[in-house]
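Enquirer: Provided below: final-v6.txt, containing compact mmCIF, C-alpha atoms.
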```txt
# COMPACT_ATOMS: atom_id res chain seq x y z
CA MET A 1 -24.12 -10.04 -54.49
CA SER A 2 -25.87 -13.05 -56.00
CA THR A 3 -24.07 -15.87 -57.79
CA LYS A 4 -25.16 -16.14 -61.43
CA VAL A 5 -25.92 -19.74 -62.38
CA MET A 6 -26.58 -21.28 -65.78
CA VAL A 7 -28.37 -24.63 -65.95
CA VAL A 8 -27.54 -27.13 -68.73
CA ASP A 9 -29.87 -30.13 -68.95
CA ASP A 10 -31.89 -31.60 -71.80
CA SER A 11 -34.83 -32.30 -69.50
CA PRO A 12 -37.07 -29.28 -68.83
CA PHE A 13 -38.18 -31.04 -65.63
CA SER A 14 -34.61 -31.38 -64.36
CA ARG A 15 -33.90 -27.75 -65.19
CA MET A 16 -37.00 -26.74 -63.25
CA MET A 17 -35.90 -28.85 -60.26
CA ILE A 18 -32.50 -27.12 -60.17
CA ILE A 19 -34.08 -23.67 -60.56
CA GLU A 20 -36.49 -24.51 -57.72
CA ALA A 21 -33.61 -25.75 -55.56
CA LEU A 22 -31.82 -22.44 -56.01
CA ALA A 23 -34.90 -20.26 -55.45
CA ASP A 24 -34.76 -18.10 -52.29
CA SER A 25 -30.98 -18.50 -52.17
CA THR A 26 -28.02 -16.27 -52.97
CA CYS A 27 -28.04 -17.72 -56.49
CA GLU A 28 -29.80 -16.33 -59.51
CA VAL A 29 -30.40 -18.54 -62.57
CA VAL A 30 -29.45 -16.33 -65.51
CA GLY A 31 -29.57 -18.82 -68.38
CA GLU A 32 -30.60 -22.29 -69.49
CA ALA A 33 -29.38 -24.56 -72.30
CA ASP A 34 -30.52 -28.01 -73.38
CA SER A 35 -27.71 -28.98 -75.76
CA LEU A 36 -24.24 -28.17 -77.07
CA GLU A 37 -25.84 -26.07 -79.80
CA SER A 38 -27.31 -23.50 -77.41
CA LEU A 39 -24.65 -23.85 -74.70
CA ILE A 40 -21.83 -21.56 -75.85
CA GLU A 41 -24.07 -18.78 -77.16
CA THR A 42 -26.13 -18.71 -73.96
CA TYR A 43 -22.98 -18.83 -71.83
CA ASN A 44 -21.35 -15.95 -73.68
CA THR A 45 -24.55 -13.91 -73.49
CA CYS A 46 -25.48 -14.42 -69.83
CA LYS A 47 -21.90 -14.75 -68.45
CA PRO A 48 -22.70 -16.97 -65.46
CA ASP A 49 -20.36 -17.50 -62.48
CA ILE A 50 -21.19 -21.22 -62.37
CA VAL A 51 -22.66 -23.75 -64.80
CA THR A 52 -24.53 -26.87 -63.66
CA MET A 53 -24.14 -29.61 -66.27
CA ASP A 54 -26.10 -32.80 -66.82
CA ILE A 55 -24.10 -35.79 -68.14
CA ALA A 56 -26.58 -37.84 -70.17
CA MET A 57 -27.90 -35.67 -72.97
CA PRO A 58 -28.81 -36.61 -76.55
CA GLY A 59 -26.04 -35.65 -79.00
CA ALA A 60 -23.06 -34.21 -77.13
CA ASP A 61 -22.99 -35.45 -73.52
CA GLY A 62 -22.07 -33.40 -70.44
CA PHE A 63 -18.38 -34.27 -70.77
CA GLU A 64 -18.22 -33.10 -74.36
CA CYS A 65 -20.21 -29.95 -73.49
CA SER A 66 -17.86 -29.26 -70.52
CA ARG A 67 -14.83 -29.68 -72.76
CA GLU A 68 -16.26 -27.27 -75.37
CA LEU A 69 -17.21 -24.80 -72.66
CA ARG A 70 -13.70 -24.83 -71.17
CA LEU A 71 -12.20 -24.37 -74.63
CA ASN A 72 -14.52 -21.36 -75.07
CA ASP A 73 -13.64 -20.07 -71.58
CA PRO A 74 -10.84 -21.90 -69.72
CA LYS A 75 -12.03 -20.22 -66.49
CA ALA A 76 -15.56 -21.65 -66.77
CA LYS A 77 -16.64 -23.13 -63.41
CA ILE A 78 -18.64 -26.29 -63.98
CA ILE A 79 -20.53 -28.52 -61.54
CA LEU A 80 -21.74 -31.85 -62.91
CA VAL A 81 -25.26 -32.65 -61.80
CA SER A 82 -26.10 -36.21 -62.70
CA SER A 83 -27.64 -39.42 -61.50
CA MET A 84 -24.51 -41.22 -62.73
CA LYS A 85 -21.69 -41.15 -60.18
CA ASP A 86 -18.99 -43.77 -60.33
CA GLU A 87 -15.22 -43.89 -60.40
CA GLU A 88 -14.94 -43.62 -64.16
CA THR A 89 -17.30 -40.63 -64.54
CA GLU A 90 -15.59 -38.87 -61.62
CA ALA A 91 -12.14 -39.48 -63.11
CA GLU A 92 -13.28 -38.17 -66.49
CA ALA A 93 -14.84 -35.08 -64.85
CA LYS A 94 -11.60 -34.34 -62.98
CA ARG A 95 -9.60 -34.70 -66.17
CA ILE A 96 -11.79 -32.11 -67.87
CA GLY A 97 -11.41 -29.66 -64.97
CA VAL A 98 -14.94 -29.89 -63.57
CA LEU A 99 -14.95 -28.35 -60.07
CA GLY A 100 -17.83 -30.14 -58.39
CA TYR A 101 -20.14 -33.11 -58.72
CA VAL A 102 -23.64 -33.35 -57.27
CA GLN A 103 -25.76 -36.44 -57.63
CA LYS A 104 -29.42 -36.39 -58.70
CA PRO A 105 -32.01 -36.26 -57.25
CA ILE A 106 -30.90 -32.77 -56.31
CA ASP A 107 -30.73 -31.79 -52.70
CA GLY A 108 -30.91 -27.98 -52.69
CA GLU A 109 -28.72 -27.59 -49.64
CA THR A 110 -25.95 -29.79 -51.07
CA LEU A 111 -25.98 -27.95 -54.39
CA LEU A 112 -25.78 -24.59 -52.60
CA THR A 113 -22.90 -25.78 -50.40
CA VAL A 114 -20.91 -26.84 -53.47
CA ILE A 115 -21.66 -23.55 -55.26
CA ASN A 116 -20.73 -21.47 -52.20
CA ASN A 117 -17.52 -23.41 -51.64
CA ILE A 118 -16.45 -22.83 -55.21
CA MET A 119 -17.34 -19.13 -55.08
CA SER A 120 -16.04 -18.28 -51.61
CA PRO A 121 -12.56 -16.84 -51.29
CA ASP A 122 -10.07 -19.49 -50.32
CA SER A 123 -7.94 -18.17 -47.45
CA LEU A 124 -5.11 -20.63 -48.07
CA PHE A 125 -4.90 -19.58 -51.70
CA GLU A 126 -5.03 -15.91 -50.64
CA LEU A 127 -2.05 -16.59 -48.36
CA LEU A 128 -0.15 -18.13 -51.26
CA LEU A 129 -0.96 -15.17 -53.50
CA ASN A 130 0.03 -12.66 -50.82
CA ARG A 131 3.16 -14.35 -49.49
CA GLY A 132 4.22 -16.73 -52.27
CA PHE A 133 5.92 -14.36 -54.65
CA GLU A 134 7.60 -12.34 -51.89
CA THR A 135 9.02 -15.56 -50.44
CA PHE A 136 10.51 -16.59 -53.79
CA LYS A 137 12.02 -13.09 -54.17
CA GLU A 138 13.57 -13.20 -50.69
CA VAL A 139 15.03 -16.65 -51.29
CA LEU A 140 16.47 -15.65 -54.67
CA ALA A 141 18.10 -12.54 -53.18
CA GLN A 142 19.54 -14.42 -50.19
CA ASN A 143 20.94 -17.31 -52.21
CA VAL A 144 22.33 -15.33 -55.14
CA THR A 145 24.02 -13.03 -52.63
CA ARG A 146 25.32 -15.94 -50.56
CA MET A 147 26.54 -18.04 -53.50
CA ALA A 148 27.78 -15.41 -55.96
CA LYS A 149 28.61 -12.61 -53.49
CA THR A 150 26.63 -9.94 -55.32
CA PRO A 151 24.00 -7.59 -53.95
CA VAL A 152 20.50 -8.07 -55.43
CA GLN A 153 18.01 -5.29 -56.03
CA PHE A 154 14.54 -5.74 -57.43
CA ALA A 155 12.93 -3.63 -60.12
CA GLU A 156 9.15 -3.16 -60.39
CA VAL A 157 6.82 -6.17 -60.06
CA ASN A 158 4.77 -7.03 -63.14
CA SER A 159 2.61 -9.87 -64.38
CA LEU A 160 3.31 -12.02 -67.40
CA ASP A 161 0.35 -10.68 -69.38
CA VAL A 162 2.75 -9.07 -71.77
CA GLU A 163 4.85 -11.62 -73.56
CA TYR A 164 8.30 -12.11 -72.14
CA THR A 165 11.26 -12.92 -74.36
CA SER A 166 14.02 -15.03 -72.88
CA GLN A 167 17.46 -13.48 -72.38
CA GLY A 168 19.06 -16.82 -73.30
CA ILE A 169 18.66 -19.43 -70.55
CA THR A 170 15.24 -20.24 -69.09
CA THR A 171 14.57 -22.65 -66.24
CA ILE A 172 11.05 -23.86 -65.50
CA ILE A 173 10.21 -25.67 -62.28
CA GLY A 174 6.72 -27.08 -61.78
CA ILE A 175 5.14 -26.79 -58.34
CA ILE A 176 2.60 -29.33 -57.11
CA GLY A 177 0.57 -29.50 -53.90
CA LYS A 178 -2.70 -28.13 -52.63
CA TYR A 179 -2.31 -25.70 -55.54
CA SER A 180 -0.13 -26.13 -58.58
CA GLY A 181 2.10 -23.53 -60.15
CA SER A 182 5.34 -22.70 -61.87
CA MET A 183 8.55 -20.88 -61.20
CA ILE A 184 10.34 -19.42 -64.21
CA MET A 185 13.89 -18.10 -63.94
CA ASP A 186 15.58 -16.52 -66.92
CA LEU A 187 18.96 -14.90 -67.48
CA SER A 188 21.44 -14.24 -70.27
CA VAL A 189 24.32 -16.60 -71.06
CA GLU A 190 26.76 -13.84 -70.08
CA THR A 191 25.11 -13.31 -66.69
CA ALA A 192 25.02 -17.07 -66.08
CA GLU A 193 28.71 -17.39 -66.99
CA LYS A 194 29.66 -14.56 -64.63
CA ILE A 195 27.63 -16.04 -61.76
CA ALA A 196 29.13 -19.48 -62.40
CA GLU A 197 32.63 -17.95 -62.34
CA ALA A 198 31.86 -16.18 -59.05
CA ILE A 199 30.59 -19.40 -57.47
CA LEU A 200 33.32 -21.69 -58.86
CA HIS A 201 36.16 -19.14 -58.45
CA ARG A 202 37.25 -19.97 -62.01
CA PRO A 203 35.74 -19.57 -65.49
CA SER A 204 33.28 -22.33 -66.37
CA LYS A 205 34.69 -25.11 -68.55
CA ASN A 206 31.77 -25.37 -70.95
CA ARG A 207 28.10 -24.55 -71.54
CA GLU A 208 26.96 -27.71 -69.71
CA GLU A 209 28.63 -26.51 -66.53
CA VAL A 210 26.88 -23.15 -66.82
CA LEU A 211 23.51 -24.82 -67.41
CA ALA A 212 24.05 -27.15 -64.48
CA MET A 213 24.80 -24.16 -62.22
CA VAL A 214 21.62 -22.35 -63.37
CA ALA A 215 19.52 -25.51 -62.87
CA GLU A 216 20.93 -25.96 -59.37
CA LEU A 217 20.36 -22.31 -58.46
CA ALA A 218 16.72 -22.52 -59.65
CA ASN A 219 16.30 -25.80 -57.78
CA ILE A 220 17.61 -24.27 -54.55
CA ILE A 221 15.39 -21.18 -54.86
CA ALA A 222 12.20 -23.16 -55.62
CA GLY A 223 12.94 -25.82 -53.00
CA ILE A 224 13.72 -23.39 -50.16
CA ALA A 225 10.82 -21.05 -51.04
CA CYS A 226 8.30 -23.93 -51.09
CA SER A 227 9.69 -25.30 -47.80
CA MET A 228 9.30 -21.88 -46.19
CA LEU A 229 5.71 -21.61 -47.43
CA ASN A 230 4.96 -25.15 -46.20
CA LYS A 231 6.34 -24.21 -42.78
CA LYS A 232 4.01 -21.22 -42.70
CA GLU A 233 1.03 -23.35 -43.74
CA LYS A 234 1.44 -27.11 -43.68
CA ALA A 235 -1.71 -27.69 -45.72
CA LEU A 236 -0.06 -26.16 -48.79
CA ALA A 237 2.09 -29.32 -49.11
CA LEU A 238 4.09 -27.81 -51.99
CA ARG A 239 6.59 -29.99 -53.85
CA VAL A 240 8.84 -29.07 -56.76
CA SER A 241 9.65 -30.85 -60.00
CA PRO A 242 13.18 -31.14 -61.34
CA PRO A 243 14.04 -28.19 -63.62
CA SER A 244 13.52 -28.09 -67.39
CA MET A 245 16.03 -25.86 -69.18
CA PHE A 246 15.54 -23.95 -72.45
CA HIS A 247 18.45 -22.29 -74.18
CA GLY A 248 20.16 -21.58 -77.49
CA ASN A 249 17.70 -18.91 -78.61
CA ASN A 250 15.55 -16.05 -77.34
CA ALA A 251 12.23 -17.84 -77.09
CA GLU A 252 8.99 -16.23 -76.05
CA ILE A 253 7.69 -17.59 -72.73
CA VAL A 254 3.93 -17.89 -72.30
CA SER A 255 1.87 -19.18 -69.39
CA PRO A 256 -1.69 -19.38 -70.74
CA ASN A 257 -3.30 -21.00 -67.68
CA VAL A 258 -1.64 -19.24 -64.79
CA LYS A 259 -1.09 -15.57 -64.06
CA ILE A 260 2.62 -15.23 -63.37
CA GLU A 261 3.96 -12.39 -61.20
CA THR A 262 7.34 -11.29 -62.45
CA VAL A 263 10.25 -9.20 -61.30
CA MET A 264 13.77 -8.42 -62.51
CA ALA A 265 16.51 -9.01 -59.96
CA GLU A 266 19.46 -6.73 -60.70
CA THR A 267 22.87 -8.07 -59.76
CA ASP A 268 26.48 -7.01 -60.42
CA PHE A 269 26.55 -9.72 -63.11
CA GLY A 270 23.35 -8.75 -64.94
CA SER A 271 19.59 -9.22 -64.59
CA ILE A 272 17.80 -12.34 -63.42
CA PHE A 273 14.11 -12.60 -64.35
CA LEU A 274 11.90 -14.35 -61.80
CA GLY A 275 8.30 -15.37 -62.49
CA VAL A 276 6.06 -17.26 -60.07
CA GLY A 277 2.38 -18.14 -60.38
CA PHE A 278 -0.14 -20.45 -58.76
CA LYS A 279 -3.41 -21.89 -59.94
CA LYS A 280 -6.49 -22.55 -57.89
CA GLY A 281 -7.76 -25.97 -58.66
CA SER A 282 -9.90 -26.96 -55.70
CA VAL A 283 -12.09 -29.87 -56.60
CA LEU A 284 -15.26 -30.29 -54.60
CA TRP A 285 -17.21 -33.52 -54.80
CA MET A 286 -20.48 -34.19 -53.06
CA MET B 1 14.64 -43.97 -68.38
CA ASP B 2 12.53 -47.11 -68.14
CA VAL B 3 10.87 -47.61 -71.55
CA ASN B 4 7.88 -49.19 -69.82
CA LEU B 5 7.07 -45.70 -68.58
CA ILE B 6 6.12 -44.70 -72.11
CA ASN B 7 2.94 -46.76 -72.59
CA PRO B 8 0.59 -44.84 -70.26
CA ILE B 9 1.45 -41.53 -71.91
CA LEU B 10 1.01 -43.03 -75.39
CA CYS B 11 -2.41 -44.37 -74.32
CA ALA B 12 -3.34 -40.95 -72.94
CA PHE B 13 -2.32 -39.23 -76.20
CA GLY B 14 -4.28 -41.75 -78.27
CA GLU B 15 -7.31 -41.35 -76.04
CA ILE B 16 -7.47 -37.56 -75.74
CA ILE B 17 -6.57 -36.43 -79.26
CA PRO B 18 -9.65 -38.01 -80.93
CA GLN B 19 -11.81 -36.32 -78.28
CA ILE B 20 -10.69 -32.81 -79.23
CA GLY B 21 -11.51 -32.72 -82.91
CA PHE B 22 -8.99 -35.01 -84.64
CA GLN B 23 -9.74 -38.07 -86.78
CA THR B 24 -6.44 -39.95 -86.94
CA VAL B 25 -3.48 -40.45 -84.65
CA GLN B 26 -0.55 -42.30 -86.21
CA LYS B 27 2.61 -43.15 -84.32
CA LYS B 28 5.42 -42.64 -86.83
CA ASN B 29 8.64 -43.02 -84.92
CA VAL B 30 10.04 -43.68 -81.45
CA SER B 31 13.62 -42.87 -80.49
CA LEU B 32 15.73 -42.71 -77.38
CA VAL B 33 17.96 -39.64 -77.19
CA GLY B 34 19.99 -37.81 -74.53
CA SER B 35 18.77 -35.10 -72.22
CA THR B 36 19.00 -32.22 -74.73
CA VAL B 37 16.66 -31.93 -77.70
CA SER B 38 16.28 -29.25 -80.37
CA TYR B 39 12.97 -27.56 -81.11
CA ASP B 40 11.56 -25.15 -83.68
CA GLY B 41 8.21 -23.56 -83.09
CA VAL B 42 6.18 -24.34 -80.00
CA LEU B 43 7.10 -26.52 -77.04
CA ILE B 44 4.61 -27.18 -74.23
CA ASN B 45 6.32 -28.00 -70.93
CA LEU B 46 4.48 -29.90 -68.20
CA SER B 47 6.34 -30.99 -65.07
CA VAL B 48 5.46 -34.25 -63.35
CA VAL B 49 5.91 -34.87 -59.61
CA GLY B 50 5.17 -38.01 -57.63
CA SER B 51 6.62 -41.51 -57.37
CA ILE B 52 8.20 -40.80 -60.76
CA LYS B 53 9.39 -37.31 -61.64
CA GLY B 54 10.41 -35.32 -64.65
CA VAL B 55 8.83 -33.62 -67.58
CA ILE B 56 6.55 -34.26 -70.53
CA MET B 57 6.89 -31.88 -73.47
CA ILE B 58 4.82 -31.63 -76.63
CA GLY B 59 6.34 -29.86 -79.62
CA MET B 60 5.16 -28.66 -83.01
CA ASP B 61 6.58 -26.30 -85.61
CA GLY B 62 4.90 -22.89 -85.84
CA GLU B 63 2.64 -23.70 -88.80
CA SER B 64 1.60 -27.04 -87.30
CA ALA B 65 0.72 -25.34 -84.02
CA LYS B 66 -1.61 -22.95 -85.84
CA ARG B 67 -3.23 -25.82 -87.78
CA PHE B 68 -3.55 -27.83 -84.57
CA ALA B 69 -5.21 -24.94 -82.70
CA SER B 70 -7.52 -24.32 -85.66
CA LYS B 71 -8.69 -27.95 -85.63
CA MET B 72 -9.27 -27.79 -81.88
CA MET B 73 -11.38 -24.66 -82.37
CA LEU B 74 -13.68 -26.43 -84.84
CA GLY B 75 -11.90 -25.14 -87.96
CA MET B 76 -11.73 -21.49 -86.94
CA GLU B 77 -9.09 -19.66 -88.98
CA VAL B 78 -5.83 -19.23 -87.03
CA ASN B 79 -3.46 -16.84 -88.82
CA GLU B 80 -1.46 -15.89 -85.75
CA PHE B 81 -0.46 -18.15 -82.87
CA ASP B 82 -2.28 -15.73 -80.57
CA LYS B 83 -3.51 -16.02 -76.97
CA LEU B 84 -6.53 -18.11 -77.96
CA ALA B 85 -4.42 -20.54 -80.00
CA GLN B 86 -1.82 -20.69 -77.20
CA SER B 87 -4.56 -21.46 -74.71
CA ALA B 88 -5.97 -24.20 -76.95
CA VAL B 89 -2.71 -26.13 -77.41
CA SER B 90 -1.76 -25.74 -73.75
CA GLU B 91 -5.17 -27.11 -72.80
CA MET B 92 -4.42 -30.12 -75.02
CA GLY B 93 -1.13 -30.62 -73.14
CA ASN B 94 -2.98 -30.38 -69.87
CA MET B 95 -5.61 -32.92 -70.92
CA VAL B 96 -3.08 -35.42 -72.28
CA CYS B 97 -0.90 -35.25 -69.15
CA ALA B 98 -3.84 -35.33 -66.73
CA ASN B 99 -5.12 -38.42 -68.52
CA ALA B 100 -1.60 -39.88 -68.41
CA CYS B 101 -1.63 -39.53 -64.59
CA THR B 102 -4.80 -41.64 -64.50
CA GLN B 103 -3.23 -44.18 -66.89
CA TYR B 104 -0.08 -44.38 -64.72
CA ALA B 105 -2.27 -44.95 -61.65
CA SER B 106 -3.95 -47.87 -63.39
CA VAL B 107 -0.55 -49.60 -63.78
CA GLY B 108 0.37 -48.98 -60.15
CA ILE B 109 2.33 -45.72 -60.49
CA GLU B 110 0.09 -43.65 -58.26
CA GLY B 111 -0.02 -40.14 -56.85
CA LEU B 112 1.36 -38.31 -59.89
CA ASP B 113 0.48 -34.70 -60.36
CA ILE B 114 1.26 -32.21 -63.10
CA SER B 115 2.12 -28.52 -63.10
CA PRO B 116 0.30 -25.99 -65.30
CA PRO B 117 1.70 -25.86 -68.85
CA THR B 118 4.28 -23.28 -69.91
CA LEU B 119 4.87 -22.62 -73.62
CA MET B 120 8.22 -21.82 -75.18
CA ILE B 121 7.88 -20.27 -78.62
CA GLY B 122 10.89 -19.72 -80.84
CA GLN B 123 13.18 -21.02 -83.57
CA GLY B 124 16.41 -22.95 -83.13
CA GLY B 125 16.01 -23.54 -79.43
CA GLN B 126 17.21 -26.36 -77.24
CA ALA B 127 15.54 -27.96 -74.27
CA THR B 128 17.42 -29.88 -71.61
CA LEU B 129 15.24 -32.28 -69.66
CA PRO B 130 16.12 -33.19 -66.07
CA VAL B 131 16.83 -36.83 -67.00
CA PRO B 132 19.77 -38.57 -68.71
CA GLN B 133 17.60 -40.01 -71.49
CA THR B 134 14.50 -38.78 -73.28
CA ILE B 135 12.04 -40.80 -75.34
CA VAL B 136 10.87 -38.91 -78.43
CA VAL B 137 7.70 -40.12 -80.13
CA THR B 138 6.65 -38.56 -83.42
CA PHE B 139 2.94 -38.64 -84.22
CA LEU B 140 0.99 -37.63 -87.27
CA VAL B 141 -2.29 -36.20 -86.04
CA ASP B 142 -4.53 -35.53 -89.06
CA GLU B 143 -1.29 -35.02 -91.06
CA ILE B 144 0.07 -32.57 -88.45
CA GLU B 145 3.43 -33.62 -87.02
CA VAL B 146 3.48 -33.58 -83.23
CA LYS B 147 6.47 -34.63 -81.14
CA LEU B 148 6.11 -35.98 -77.63
CA TYR B 149 9.18 -35.82 -75.39
CA VAL B 150 9.05 -37.95 -72.26
CA GLY B 151 11.70 -37.59 -69.58
CA LEU B 152 10.59 -39.41 -66.46
CA VAL B 153 12.56 -41.35 -63.86
```
Give the structure from the file, written as structure tokens.
Expert:
Amino acid sequence: MSTKVMVVDDSPFSRMMIIEALADSTCEVVGEADSLESLIETYNTCKPDIVTMDIAMPGADGFECSRELRLNDPKAKIILVSSMKDEETEAEAKRIGVLGYVQKPIDGETLLTVINNIMSPDSLFELLLNRGFETFKEVLAQNVTRMAKTPVQFAEVNSLDVEYTSQGITTIIGIIGKYSGSMIMDLSVETAEKIAEAILHRPSKNREEVLAMVAELANIIAGIACSMLNKKEKALALRVSPPSMFHGNNAEIVSPNVKIETVMAETDFGSIFLGVGFKKGSVLWM
Amino acid sequence: MDVNLINPILCAFGEIIPQIGFQTVQKKNVSLVGSTVSYDGVLINLSVVGSIKGVIMIGMDGESAKRFASKMMLGMEVNEFDKLAQSAVSEMGNMVCANACTQYASVGIEGLDISPPTLMIGQGGQATLPVPQTIVVTFLVDEIEVKLYVGLV
């Protein structure tokens, strides 16, 4: 199947050069735009897989166009194609979420390599998608069982497309590495109090003690799960952030940028919600 | 928390916000509080890992979040804080914190990375940051009140 490419450049000559460079390849140029004005409409009409973006354009420049495009479609895959290439422009491009950078004059082979790398399935990421969530589930079950002496059974796996409303205490741990992601753990105050009592062998003294137990449990689960995944594949280099806790109400939890796989762990003390998701953010610069 | 850690994130906020459709950014108030803060409305959580660790949160009340998203989407009407509006404000959080990482690097705090944003939406909630002290900065962004919570050590 061919990769659909849209070319954004104010210069008809430059557009022609890119189209020529992609001729006789696995890419098909499905749309062209010369400014911010025509960019979004053309993008939404021709639905390309990849957009090549010039930087210096009259009116809105390539950075502004890239920003608008990613607001229109956060999944838009953009490659900057420009004669400018220095630290500052690269840093700005990375900040915006541009995936690749190719310097003019265009070398067809280089452009194709960058496009193919962005489009090809990433085996490391596939591994994380296939094994990541299961690993977190295993670690949660083992550690809740070990610490609170309760069996854990899992209900059906879902994804956080439907909004999830907190049961009372939510812990969020950020995951950084080759790919970034999040682990969300959520349980009711009652369940947390019962687990704390089982671990401490006495009722908890106050809410702070309960929160500290939940934070530590989430920390242990995320830390061990990421270590296990790193052992399986060193290149993942996953690291975890300290936990943020949310409590005192039944807030809605939304993860707009990352698809979160979720499951309910059923214990003798109540349900523990577990959500884990990773984001592919490979940046390719040539 | 070292108060010197606040400047790069303030610079990042001041740099990004005008780029996404806003005219004015006014810093109204800075305070140092404990690890637990109250929130009403929307709270964007972004974790930070590296030579310093912790969390950066950006909060707005429900109406402000809708107005903020509307401005980001070039004035498009936002009656509900729906998926599109949620995506817009979380993208703002992402841009501010990604820029902050670059700003931290320029003052020698290198190798920071951020997690994807998670939104908490609700009334009367509390957030406990993984640090003993949190810096809260209140901004007026085109008359919309935005609170920035920084808990880094």
Enquirer: What's the 10 Å shell around Phe13 (chain B), counting all atoms listed in the file, without same-chain residues fewer than 4 positions away, as a VMD selection string?
Expert: chain B and resid 7 to 9 17 to 18 25 92 to 93 95 to 97 99 to 100 139 148
Enquirer: Report as a Markdown table: every residue of chain B with an atom at most 8 Å from chain A, its closest pair of atoms, and their distance in Å to one decimal, counting only C-alpha atoms, with rows sorted by chain and ascending residue number.
Expert:
```
| residue | atom | partner | partner_atom | distance |
| --- | --- | --- | --- | --- |
| B:Leu46 | CA | A:Gly174 | CA | 7.4 |
| B:Ser47 | CA | A:Gly174 | CA | 5.1 |
| B:Val48 | CA | A:Ser241 | CA | 6.4 |
| B:Val49 | CA | A:Ser241 | CA | 5.5 |
| B:Lys53 | CA | A:Ser241 | CA | 6.7 |
| B:Gly54 | CA | A:Pro242 | CA | 6.0 |
| B:Val55 | CA | A:Ser244 | CA | 7.3 |
| B:Met73 | CA | A:Leu71 | CA | 7.8 |
| B:Lys83 | CA | A:Pro256 | CA | 7.3 |
| B:Gln86 | CA | A:Pro256 | CA | 6.6 |
| B:Ser87 | CA | A:Pro256 | CA | 5.3 |
| B:Ala88 | CA | A:Leu71 | CA | 6.7 |
| B:Ser90 | CA | A:Pro256 | CA | 7.0 |
| B:Glu91 | CA | A:Leu71 | CA | 7.8 |
| B:Met95 | CA | A:Arg95 | CA | 6.5 |
| B:Ala98 | CA | A:Arg95 | CA | 5.8 |
| B:Asn99 | CA | A:Arg95 | CA | 6.3 |
| B:Thr102 | CA | A:Ala91 | CA | 7.8 |
| B:Asp113 | CA | A:Ile176 | CA | 6.6 |
| B:Ile114 | CA | A:Ile176 | CA | 6.8 |
| B:Ser115 | CA | A:Gly174 | CA | 5.0 |
| B:Pro116 | CA | A:Gly181 | CA | 6.0 |
| B:Pro117 | CA | A:Ser255 | CA | 6.7 |
| B:Thr118 | CA | A:Ser255 | CA | 4.8 |
| B:Leu119 | CA | A:Val254 | CA | 5.0 |
| B:Met120 | CA | A:Ile253 | CA | 4.9 |
| B:Ile121 | CA | A:Glu252 | CA | 4.9 |
| B:Gly122 | CA | A:Ala251 | CA | 4.4 |
| B:Gln123 | CA | A:Asn249 | CA | 7.0 |
| B:Gly124 | CA | A:Asn249 | CA | 6.2 |
| B:Gly125 | CA | A:Gly248 | CA | 5.0 |
| B:Gln126 | CA | A:His247 | CA | 5.2 |
| B:Ala127 | CA | A:Phe246 | CA | 4.4 |
| B:Thr128 | CA | A:Met245 | CA | 4.9 |
| B:Leu129 | CA | A:Ser244 | CA | 5.1 |
| B:Pro130 | CA | A:Ser244 | CA | 5.9 |
```
Enquirer: Work out where the centre of an axis-aligned box around every listed atom of region 64-67 of chain B lies and how long its edges are once 6 Å is added on each side; give both in Å to one decimal as AutoDock Vina command-line options.
Expert:
```
--center_x -0.8 --center_y -25.0 --center_z -85.9 --size_x 16.8 --size_y 16.1 --size_z 15.8
```
Enquirer: For the point (-19.9, -28.0, -73.9) in file coordinates, what residues are within 10 Å, counting all atoms listed in the file? Give the answer as a count of residues only?
Expert: 22
Enquirer: With all atoms listed in the file as the counted atoms, please give the residues lying no more than 12 Å from Arg15 (chain A), apart from itself and same-chain residues fewer than 2 positions off, as an NGL selection string.
Expert: :A and (5-13 or 17-22 or 29 or 31-34 or 51-54 or 81-82 or 104-106)
Enquirer: Provide the CA of Ser35 (chain B) to CA of Ala265 (chain A) distance in Å, to one decimal place.
Expert: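 Separating CA of Ser35 (chain B) from CA of Ala265 (chain A) is a distance of 28.9 Å.
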Enquirer: Excluding same-chain residues fewer than 5 positions from region 29-34 of chain B, what lies within 12 Å of it counting all atoms listed in the file, as a PyMOL selection string?
Expert: chain B and resi 1-3+6-7+10+127-140+145-151
Enquirer: Between CA of Asn158 (chain A) and CA of Glu138 (chain A), what is the distance in Å, rounded to a tenth?
Expert: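 A separation of 16.4 Å between them.
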Enquirer: Tell me, in Å to one decimal, how far CA of Val139 (chain A) is from CA of Leu217 (chain A).
Expert: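 Spanning CA of Val139 (chain A) to CA of Leu217 (chain A) is a straight-line distance of 10.6 Å.
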